[in-house]
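Have a look at the structure below before the remarks.
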Amino acid sequence: MSSVLRSASTGQDLSTAAKYRPVSTHLAIAPPVSVVIPAMNEAENLPYVFKTLPDWIHEVVLVDGNSTDDTVEVARGLWPEVRVVKQRGKGKGDALITGFEACTGDIIVMVDADGSADGNEILRYVSALLSGADFAKGSRFANGGGTDDMTFIRKLGNWALCTIVNRKFGARYTDLCYGYNAFWRHCLDKIDLDCTGFEIETLINIRVVKAGLKVQEIPSHEYLRIHGTSNLRAVRDGLRVLKVILGERSNRRELRRQAHHSPMLDSVRGEVS
């Protein structure tokens with residue numbers, strides 16, 4: 001894994017220190033971090049989004065969904081080095097896939113453009129990846145997380161869908177439909193993303209588990225959208241999520257077989273015999 005997590009100390013050789021990017025008073029990292037923000041008509045919310053983004057990130061990739069307001073101009077004014085990518089199709093899934101393809105960092109972070117996510121939490125996600133996780137999954141229902149933006153019906157639906165995924169795929173998620181996540185870029189080589197709507201988050205969560213990648217949940221707090229209205233429709237998008245879940249074949253049996261016949265276990269059996 002191309003990650004390094006070291007203590008930032010005085011007296012360090014400058015040629016070595018130059019390779020690392022300070023992220024706190026005690027930590028510095030080597031891998032560049034890309035933040036992907038899908039946005040359509042979010043000009044009023046972007047100041048709140050960019051205000052909390054840490055200055056040590058490598059790049060911000062804004063995927064513009066053909067906005068009719070000043071989304072792009074506002075983004076460039078707030079973050080002059082922002083990379084603006086025009087979305088090819090429609091839907092959040094299509095926007096994220098477009099953004100992932102444009103990223104140049106080793107770590108990719110998904111952040112919504114409505115002001116509901118706190119960019120300061122990115123350090124938690126990156127720390128989890130540097131500590132050995134492949135996929136750092138935000139959770140509003142893990143201990144320490146929370147949400148200001150979910151009705152009881154949406155919470156119930158999220159719980160039901162999450163329960164189905166856990167039972168069908170052997171996952172241990174506490175949250176399913178949340179868009180604040182981070183992962184190593186190499187994960188994209190192991191999961192195929194082929195949906196266009198809000199169900200992209202569920203598809204990623206399922207295929208990460210099916211690929212046998214190491215997942216760590218990160219407690220996250222979701223705030224209210226600041227301006228405008230969400231394109232999310234609970235019933236419509238909930239049914240799309242359910243369709244994705246039912247359409248994915250469980251490979252729990254295959255994963256158990258691989259674990260049972262792993263080279264490490266075989267060597268142990270040989271020593272015992």
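In the structure tokens, chains take the letters A, B, ... in the order shown, each chain's residues start at 1, and ligands count up from 1 in the order shown.
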
If you count only C-alpha atoms, which residues fall within 8 Å of Cys177 of chain A, apart from same-chain ones fewer than 4 positions away, as a PyMOL selection string? chain A and resi 158+199+201-202

Show me a table, sorted first by chain and then by increasing residue number, of the residues of segment 196-217 of chain A having an atom at most 6 Å from segment 77-101 of chain A, each with its shortest atom pair and the distance in Å to one decimal, counting only C-alpha atoms and written as a tab-separated table.
residue	atom	partner	partner_atom	distance
A:Thr196	CA	A:Gly93	CA	3.9
A:Gly197	CA	A:Gly91	CA	4.7
A:Phe198	CA	A:Lys92	CA	5.6
A:Ile200	CA	A:Gly93	CA	5.0

Take the residues just selected and output them with all heavy atoms as a compact mmCIF listing (two decimals), in the first residue's frame.
# COMPACT_ATOMS: atom_id res chain seq x y z
N THR A 196 -26.60 5.17 -12.36
CA THR A 196 -26.54 6.62 -12.55
C THR A 196 -27.15 7.44 -11.42
O THR A 196 -26.86 8.63 -11.31
CB THR A 196 -27.26 7.00 -13.86
OG1 THR A 196 -28.63 6.59 -13.78
CG2 THR A 196 -26.60 6.33 -15.05
N GLY A 197 -27.99 6.85 -10.58
CA GLY A 197 -28.73 7.63 -9.59
C GLY A 197 -28.15 7.59 -8.20
O GLY A 197 -26.98 7.25 -7.98
N PHE A 198 -29.01 7.92 -7.21
CA PHE A 198 -28.58 7.94 -5.82
C PHE A 198 -28.19 6.55 -5.31
O PHE A 198 -27.50 6.43 -4.30
CB PHE A 198 -29.71 8.49 -4.93
CG PHE A 198 -29.87 9.98 -5.00
CD1 PHE A 198 -30.83 10.56 -5.81
CD2 PHE A 198 -29.04 10.82 -4.27
CE1 PHE A 198 -30.97 11.94 -5.88
CE2 PHE A 198 -29.17 12.19 -4.32
CZ PHE A 198 -30.14 12.76 -5.13
N ILE A 200 -26.05 4.74 -6.31
CA ILE A 200 -24.61 4.51 -6.48
C ILE A 200 -23.93 4.22 -5.14
O ILE A 200 -23.02 3.40 -5.06
CB ILE A 200 -23.95 5.74 -7.15
CG1 ILE A 200 -22.47 5.50 -7.43
CG2 ILE A 200 -24.13 7.00 -6.31
CD1 ILE A 200 -22.18 4.54 -8.53

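Atom CA of Leu176 of chain A is positioned 9.1 Å from atom CA of Gly138 of chain A.
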
Give the strand (DSSP E) residues of segment 64-152 of chain A, as DSSP finds them on the backbone, and put them as a list in words.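 Selecting the strand (DSSP E) positions of segment 64-152 of chain A gives Asp64, Arg83, Val84, Val85, Lys86, Ile107, Ile108, Val109, Met110, Phe135, Ala136, Lys137, Gly138, Ser139, Gly146 and Thr147 of chain A.
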
Just to be explicit: take each residue in the selection above, keep N, CA, C and O atoms, and write the result as a PDB file, in the first residue's frame.
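The resulting file, out-v6.pdb, is shown below:
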ATOM      1  N   ASP A  64     -19.698  19.308 -12.562  1.00  0.00           N
ATOM      2  CA  ASP A  64     -20.841  20.194 -12.788  1.00  0.00           C
ATOM      3  C   ASP A  64     -21.901  19.508 -13.632  1.00  0.00           C
ATOM      4  O   ASP A  64     -21.646  19.117 -14.766  1.00  0.00           O
ATOM      5  N   ARG A  83     -10.573  21.709 -10.083  1.00  0.00           N
ATOM      6  CA  ARG A  83     -10.709  21.105 -11.412  1.00  0.00           C
ATOM      7  C   ARG A  83     -12.192  20.925 -11.691  1.00  0.00           C
ATOM      8  O   ARG A  83     -12.894  20.208 -10.970  1.00  0.00           O
ATOM      9  N   VAL A  84     -12.684  21.579 -12.714  1.00  0.00           N
ATOM     10  CA  VAL A  84     -14.096  21.501 -13.067  1.00  0.00           C
ATOM     11  C   VAL A  84     -14.264  20.527 -14.224  1.00  0.00           C
ATOM     12  O   VAL A  84     -13.628  20.667 -15.273  1.00  0.00           O
ATOM     13  N   VAL A  85     -15.117  19.529 -13.994  1.00  0.00           N
ATOM     14  CA  VAL A  85     -15.378  18.519 -15.015  1.00  0.00           C
ATOM     15  C   VAL A  85     -16.859  18.565 -15.353  1.00  0.00           C
ATOM     16  O   VAL A  85     -17.715  18.534 -14.461  1.00  0.00           O
ATOM     17  N   LYS A  86     -17.173  18.646 -16.619  1.00  0.00           N
ATOM     18  CA  LYS A  86     -18.564  18.661 -17.046  1.00  0.00           C
ATOM     19  C   LYS A  86     -19.137  17.240 -17.029  1.00  0.00           C
ATOM     20  O   LYS A  86     -18.521  16.311 -17.551  1.00  0.00           O
ATOM     21  N   ILE A 107      -5.913   8.753  -2.872  1.00  0.00           N
ATOM     22  CA  ILE A 107      -7.103   8.618  -2.027  1.00  0.00           C
ATOM     23  C   ILE A 107      -8.195   9.504  -2.604  1.00  0.00           C
ATOM     24  O   ILE A 107      -7.952  10.648  -2.995  1.00  0.00           O
ATOM     25  N   ILE A 108      -9.420   8.979  -2.666  1.00  0.00           N
ATOM     26  CA  ILE A 108     -10.562   9.720  -3.195  1.00  0.00           C
ATOM     27  C   ILE A 108     -11.617   9.850  -2.104  1.00  0.00           C
ATOM     28  O   ILE A 108     -11.983   8.864  -1.465  1.00  0.00           O
ATOM     29  N   VAL A 109     -12.091  11.076  -1.902  1.00  0.00           N
ATOM     30  CA  VAL A 109     -13.124  11.350  -0.909  1.00  0.00           C
ATOM     31  C   VAL A 109     -14.366  11.884  -1.619  1.00  0.00           C
ATOM     32  O   VAL A 109     -14.269  12.774  -2.463  1.00  0.00           O
ATOM     33  N   MET A 110     -15.536  11.331  -1.274  1.00  0.00           N
ATOM     34  CA  MET A 110     -16.807  11.763  -1.845  1.00  0.00           C
ATOM     35  C   MET A 110     -17.486  12.727  -0.871  1.00  0.00           C
ATOM     36  O   MET A 110     -17.727  12.382   0.278  1.00  0.00           O
ATOM     37  N   PHE A 135     -11.533   0.965   2.391  1.00  0.00           N
ATOM     38  CA  PHE A 135     -12.711   1.802   2.180  1.00  0.00           C
ATOM     39  C   PHE A 135     -13.160   2.357   3.527  1.00  0.00           C
ATOM     40  O   PHE A 135     -13.417   1.598   4.466  1.00  0.00           O
ATOM     41  N   ALA A 136     -13.206   3.681   3.657  1.00  0.00           N
ATOM     42  CA  ALA A 136     -13.670   4.332   4.884  1.00  0.00           C
ATOM     43  C   ALA A 136     -15.090   4.823   4.628  1.00  0.00           C
ATOM     44  O   ALA A 136     -15.304   5.738   3.830  1.00  0.00           O
ATOM     45  N   LYS A 137     -16.040   4.183   5.312  1.00  0.00           N
ATOM     46  CA  LYS A 137     -17.455   4.420   5.039  1.00  0.00           C
ATOM     47  C   LYS A 137     -18.085   5.279   6.125  1.00  0.00           C
ATOM     48  O   LYS A 137     -18.109   4.908   7.286  1.00  0.00           O
ATOM     49  N   GLY A 138     -18.588   6.432   5.753  1.00  0.00           N
ATOM     50  CA  GLY A 138     -19.250   7.297   6.715  1.00  0.00           C
ATOM     51  C   GLY A 138     -20.535   6.674   7.230  1.00  0.00           C
ATOM     52  O   GLY A 138     -21.265   6.024   6.483  1.00  0.00           O
ATOM     53  N   SER A 139     -20.812   6.866   8.507  1.00  0.00           N
ATOM     54  CA  SER A 139     -22.042   6.345   9.098  1.00  0.00           C
ATOM     55  C   SER A 139     -22.636   7.366  10.060  1.00  0.00           C
ATOM     56  O   SER A 139     -21.961   7.835  10.975  1.00  0.00           O
ATOM     57  N   GLY A 146     -24.379  11.142  13.640  1.00  0.00           N
ATOM     58  CA  GLY A 146     -25.692  11.731  13.850  1.00  0.00           C
ATOM     59  C   GLY A 146     -26.224  12.337  12.567  1.00  0.00           C
ATOM     60  O   GLY A 146     -25.517  12.445  11.562  1.00  0.00           O
ATOM     61  N   THR A 147     -27.469  12.741  12.580  1.00  0.00           N
ATOM     62  CA  THR A 147     -28.075  13.376  11.413  1.00  0.00           C
ATOM     63  C   THR A 147     -29.147  14.371  11.836  1.00  0.00           C
ATOM     64  O   THR A 147     -29.896  14.131  12.781  1.00  0.00           O
TER      65      THR A 147
END

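Nearest to Leu130 of chain A of all the residues A:Pro22, A:Pro31, A:Gly179, A:Gly247 is A:Pro31, counting only C-alpha atoms.
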
Would you list, as a VMD selection string, the residues of segment 49-272 of chain A that end up in alpha helix (DSSP H) under DSSP run on this structure's backbone? chain A and resid 49 to 51 71 to 78 92 to 102 122 to 130 152 to 169 200 to 210 234 to 247 252 to 260 263 to 272

Using only C-alpha atoms, which of the listed residues (A:Ile204, A:Ile191, A:Ala142, A:Val61) sits closest to Ala102 of chain A?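 That would be A:Val61, the residue with the smallest distance to Ala102 of chain A.
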
Exercise: Asp106 of chain A partners within 7 Å, only C-alpha atoms, chain neighbours under 2 positions left out, as number ranges by chain: A: 31-33, 104, 108, 184-185

Requested write-out: all heavy atoms of the selected residues, as a PDB file, in the first residue's frame:
ATOM      1  N   PRO A  31       0.473  10.167   0.492  1.00  0.00           N
ATOM      2  CA  PRO A  31      -0.454  10.022  -0.638  1.00  0.00           C
ATOM      3  C   PRO A  31      -1.314  11.259  -0.849  1.00  0.00           C
ATOM      4  O   PRO A  31      -1.858  11.812   0.113  1.00  0.00           O
ATOM      5  CB  PRO A  31      -1.312   8.817  -0.237  1.00  0.00           C
ATOM      6  CG  PRO A  31      -1.245   8.775   1.246  1.00  0.00           C
ATOM      7  CD  PRO A  31       0.137   9.227   1.581  1.00  0.00           C
ATOM      8  N   PRO A  32      -1.437  11.729  -2.091  1.00  0.00           N
ATOM      9  CA  PRO A  32      -2.297  12.872  -2.392  1.00  0.00           C
ATOM     10  C   PRO A  32      -3.778  12.492  -2.275  1.00  0.00           C
ATOM     11  O   PRO A  32      -4.176  11.378  -2.620  1.00  0.00           O
ATOM     12  CB  PRO A  32      -1.932  13.229  -3.834  1.00  0.00           C
ATOM     13  CG  PRO A  32      -1.385  11.968  -4.412  1.00  0.00           C
ATOM     14  CD  PRO A  32      -0.721  11.245  -3.287  1.00  0.00           C
ATOM     15  N   VAL A  33      -4.575  13.431  -1.786  1.00  0.00           N
ATOM     16  CA  VAL A  33      -6.004  13.196  -1.549  1.00  0.00           C
ATOM     17  C   VAL A  33      -6.832  14.045  -2.504  1.00  0.00           C
ATOM     18  O   VAL A  33      -6.676  15.271  -2.558  1.00  0.00           O
ATOM     19  CB  VAL A  33      -6.380  13.539  -0.094  1.00  0.00           C
ATOM     20  CG1 VAL A  33      -7.872  13.362   0.135  1.00  0.00           C
ATOM     21  CG2 VAL A  33      -5.582  12.682   0.888  1.00  0.00           C
ATOM     22  N   THR A 104      -6.647  12.425  -9.696  1.00  0.00           N
ATOM     23  CA  THR A 104      -5.245  12.034  -9.828  1.00  0.00           C
ATOM     24  C   THR A 104      -4.643  11.610  -8.496  1.00  0.00           C
ATOM     25  O   THR A 104      -3.498  11.163  -8.461  1.00  0.00           O
ATOM     26  CB  THR A 104      -4.412  13.204 -10.398  1.00  0.00           C
ATOM     27  OG1 THR A 104      -4.483  14.326  -9.498  1.00  0.00           O
ATOM     28  CG2 THR A 104      -4.926  13.631 -11.763  1.00  0.00           C
ATOM     29  N   ILE A 108      -9.420   8.979  -2.666  1.00  0.00           N
ATOM     30  CA  ILE A 108     -10.562   9.720  -3.195  1.00  0.00           C
ATOM     31  C   ILE A 108     -11.617   9.850  -2.104  1.00  0.00           C
ATOM     32  O   ILE A 108     -11.983   8.864  -1.465  1.00  0.00           O
ATOM     33  CB  ILE A 108     -11.162   9.017  -4.425  1.00  0.00           C
ATOM     34  CG1 ILE A 108     -10.114   8.923  -5.543  1.00  0.00           C
ATOM     35  CG2 ILE A 108     -12.404   9.751  -4.915  1.00  0.00           C
ATOM     36  CD1 ILE A 108     -10.577   8.133  -6.764  1.00  0.00           C
ATOM     37  N   TRP A 184      -9.139   4.126  -1.252  1.00  0.00           N
ATOM     38  CA  TRP A 184      -7.930   4.139  -2.075  1.00  0.00           C
ATOM     39  C   TRP A 184      -8.330   4.003  -3.542  1.00  0.00           C
ATOM     40  O   TRP A 184      -9.225   3.237  -3.880  1.00  0.00           O
ATOM     41  CB  TRP A 184      -7.003   2.993  -1.682  1.00  0.00           C
ATOM     42  CG  TRP A 184      -6.337   3.167  -0.361  1.00  0.00           C
ATOM     43  CD1 TRP A 184      -6.710   2.626   0.830  1.00  0.00           C
ATOM     44  CD2 TRP A 184      -5.168   3.944  -0.091  1.00  0.00           C
ATOM     45  NE1 TRP A 184      -5.855   3.015   1.833  1.00  0.00           N
ATOM     46  CE2 TRP A 184      -4.887   3.827   1.290  1.00  0.00           C
ATOM     47  CE3 TRP A 184      -4.310   4.729  -0.878  1.00  0.00           C
ATOM     48  CZ2 TRP A 184      -3.813   4.457   1.903  1.00  0.00           C
ATOM     49  CZ3 TRP A 184      -3.225   5.359  -0.275  1.00  0.00           C
ATOM     50  CH2 TRP A 184      -2.987   5.222   1.089  1.00  0.00           C
ATOM     51  N   ARG A 185      -7.651   4.707  -4.384  1.00  0.00           N
ATOM     52  CA  ARG A 185      -7.972   4.701  -5.811  1.00  0.00           C
ATOM     53  C   ARG A 185      -7.951   3.290  -6.399  1.00  0.00           C
ATOM     54  O   ARG A 185      -8.733   2.964  -7.297  1.00  0.00           O
ATOM     55  CB  ARG A 185      -6.988   5.608  -6.562  1.00  0.00           C
ATOM     56  CG  ARG A 185      -7.264   5.717  -8.053  1.00  0.00           C
ATOM     57  CD  ARG A 185      -6.235   6.618  -8.738  1.00  0.00           C
ATOM     58  NE  ARG A 185      -6.508   6.687 -10.166  1.00  0.00           N
ATOM     59  CZ  ARG A 185      -7.384   7.530 -10.701  1.00  0.00           C
ATOM     60  NH1 ARG A 185      -8.050   8.354  -9.933  1.00  0.00           N
ATOM     61  NH2 ARG A 185      -7.585   7.534 -12.009  1.00  0.00           N
TER      62      ARG A 185
END

Shell around Cys162 of chain A at 12 Å using only C-alpha atoms, local window under 5 positions removed, as a PyMOL selection string: chain A and resi 139+141+154-157+167-178+201-203+205-206+238+241-242+245

What is the atom CA of Val165 of chain A-atom CA of Leu213 of chain A distance in Å, reported with one decimal? 15.7 Å

If you count only C-alpha atoms, which residues fall within 8 Å of Asn45 of chain A, apart from same-chain ones fewer than 4 positions away, as a VMD selection string? chain A and resid 49 113 to 115 226 to 227

Would you mind exporting N, CA and C atoms of the selected residues as a CSV table (one decimal), in the first residue's frame?
chain,number,residue,atom,x,y,z
A,49,VAL,N,-19.4,24.5,1.9
A,49,VAL,CA,-18.7,23.3,1.6
A,49,VAL,C,-17.2,23.6,1.6
A,113,ALA,N,-22.5,18.5,-2.2
A,113,ALA,CA,-22.3,19.9,-2.4
A,113,ALA,C,-23.4,20.7,-1.7
A,114,ASP,N,-24.2,20.1,-0.9
A,114,ASP,CA,-25.4,20.8,-0.2
A,114,ASP,C,-25.1,21.4,1.1
A,115,GLY,N,-23.8,21.3,1.6
A,115,GLY,CA,-23.4,21.8,2.9
A,115,GLY,C,-23.7,20.9,4.0
A,226,ILE,N,-28.4,23.5,3.4
A,226,ILE,CA,-28.4,25.0,3.8
A,226,ILE,C,-29.4,25.7,2.8
A,227,HIS,N,-29.2,25.6,1.5
A,227,HIS,CA,-30.1,26.3,0.6
A,227,HIS,C,-30.6,25.3,-0.4

Using only C-alpha atoms: which of A:Met40, A:Cys103, A:Ala28, A:Ile57 has the shortest distance to Ala75 of chain A: A:Met40

Enter the distance from atom CA of Tyr180 of chain A to atom CA of Thr25 of chain A, in Å, rounded to one decimal.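 The value is 24.6 Å.
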
In terms of only C-alpha atoms, the residue from A:Val215, A:Leu239, A:Val244, A:Met150 at minimal distance from Asp194 of chain A is A:Val244
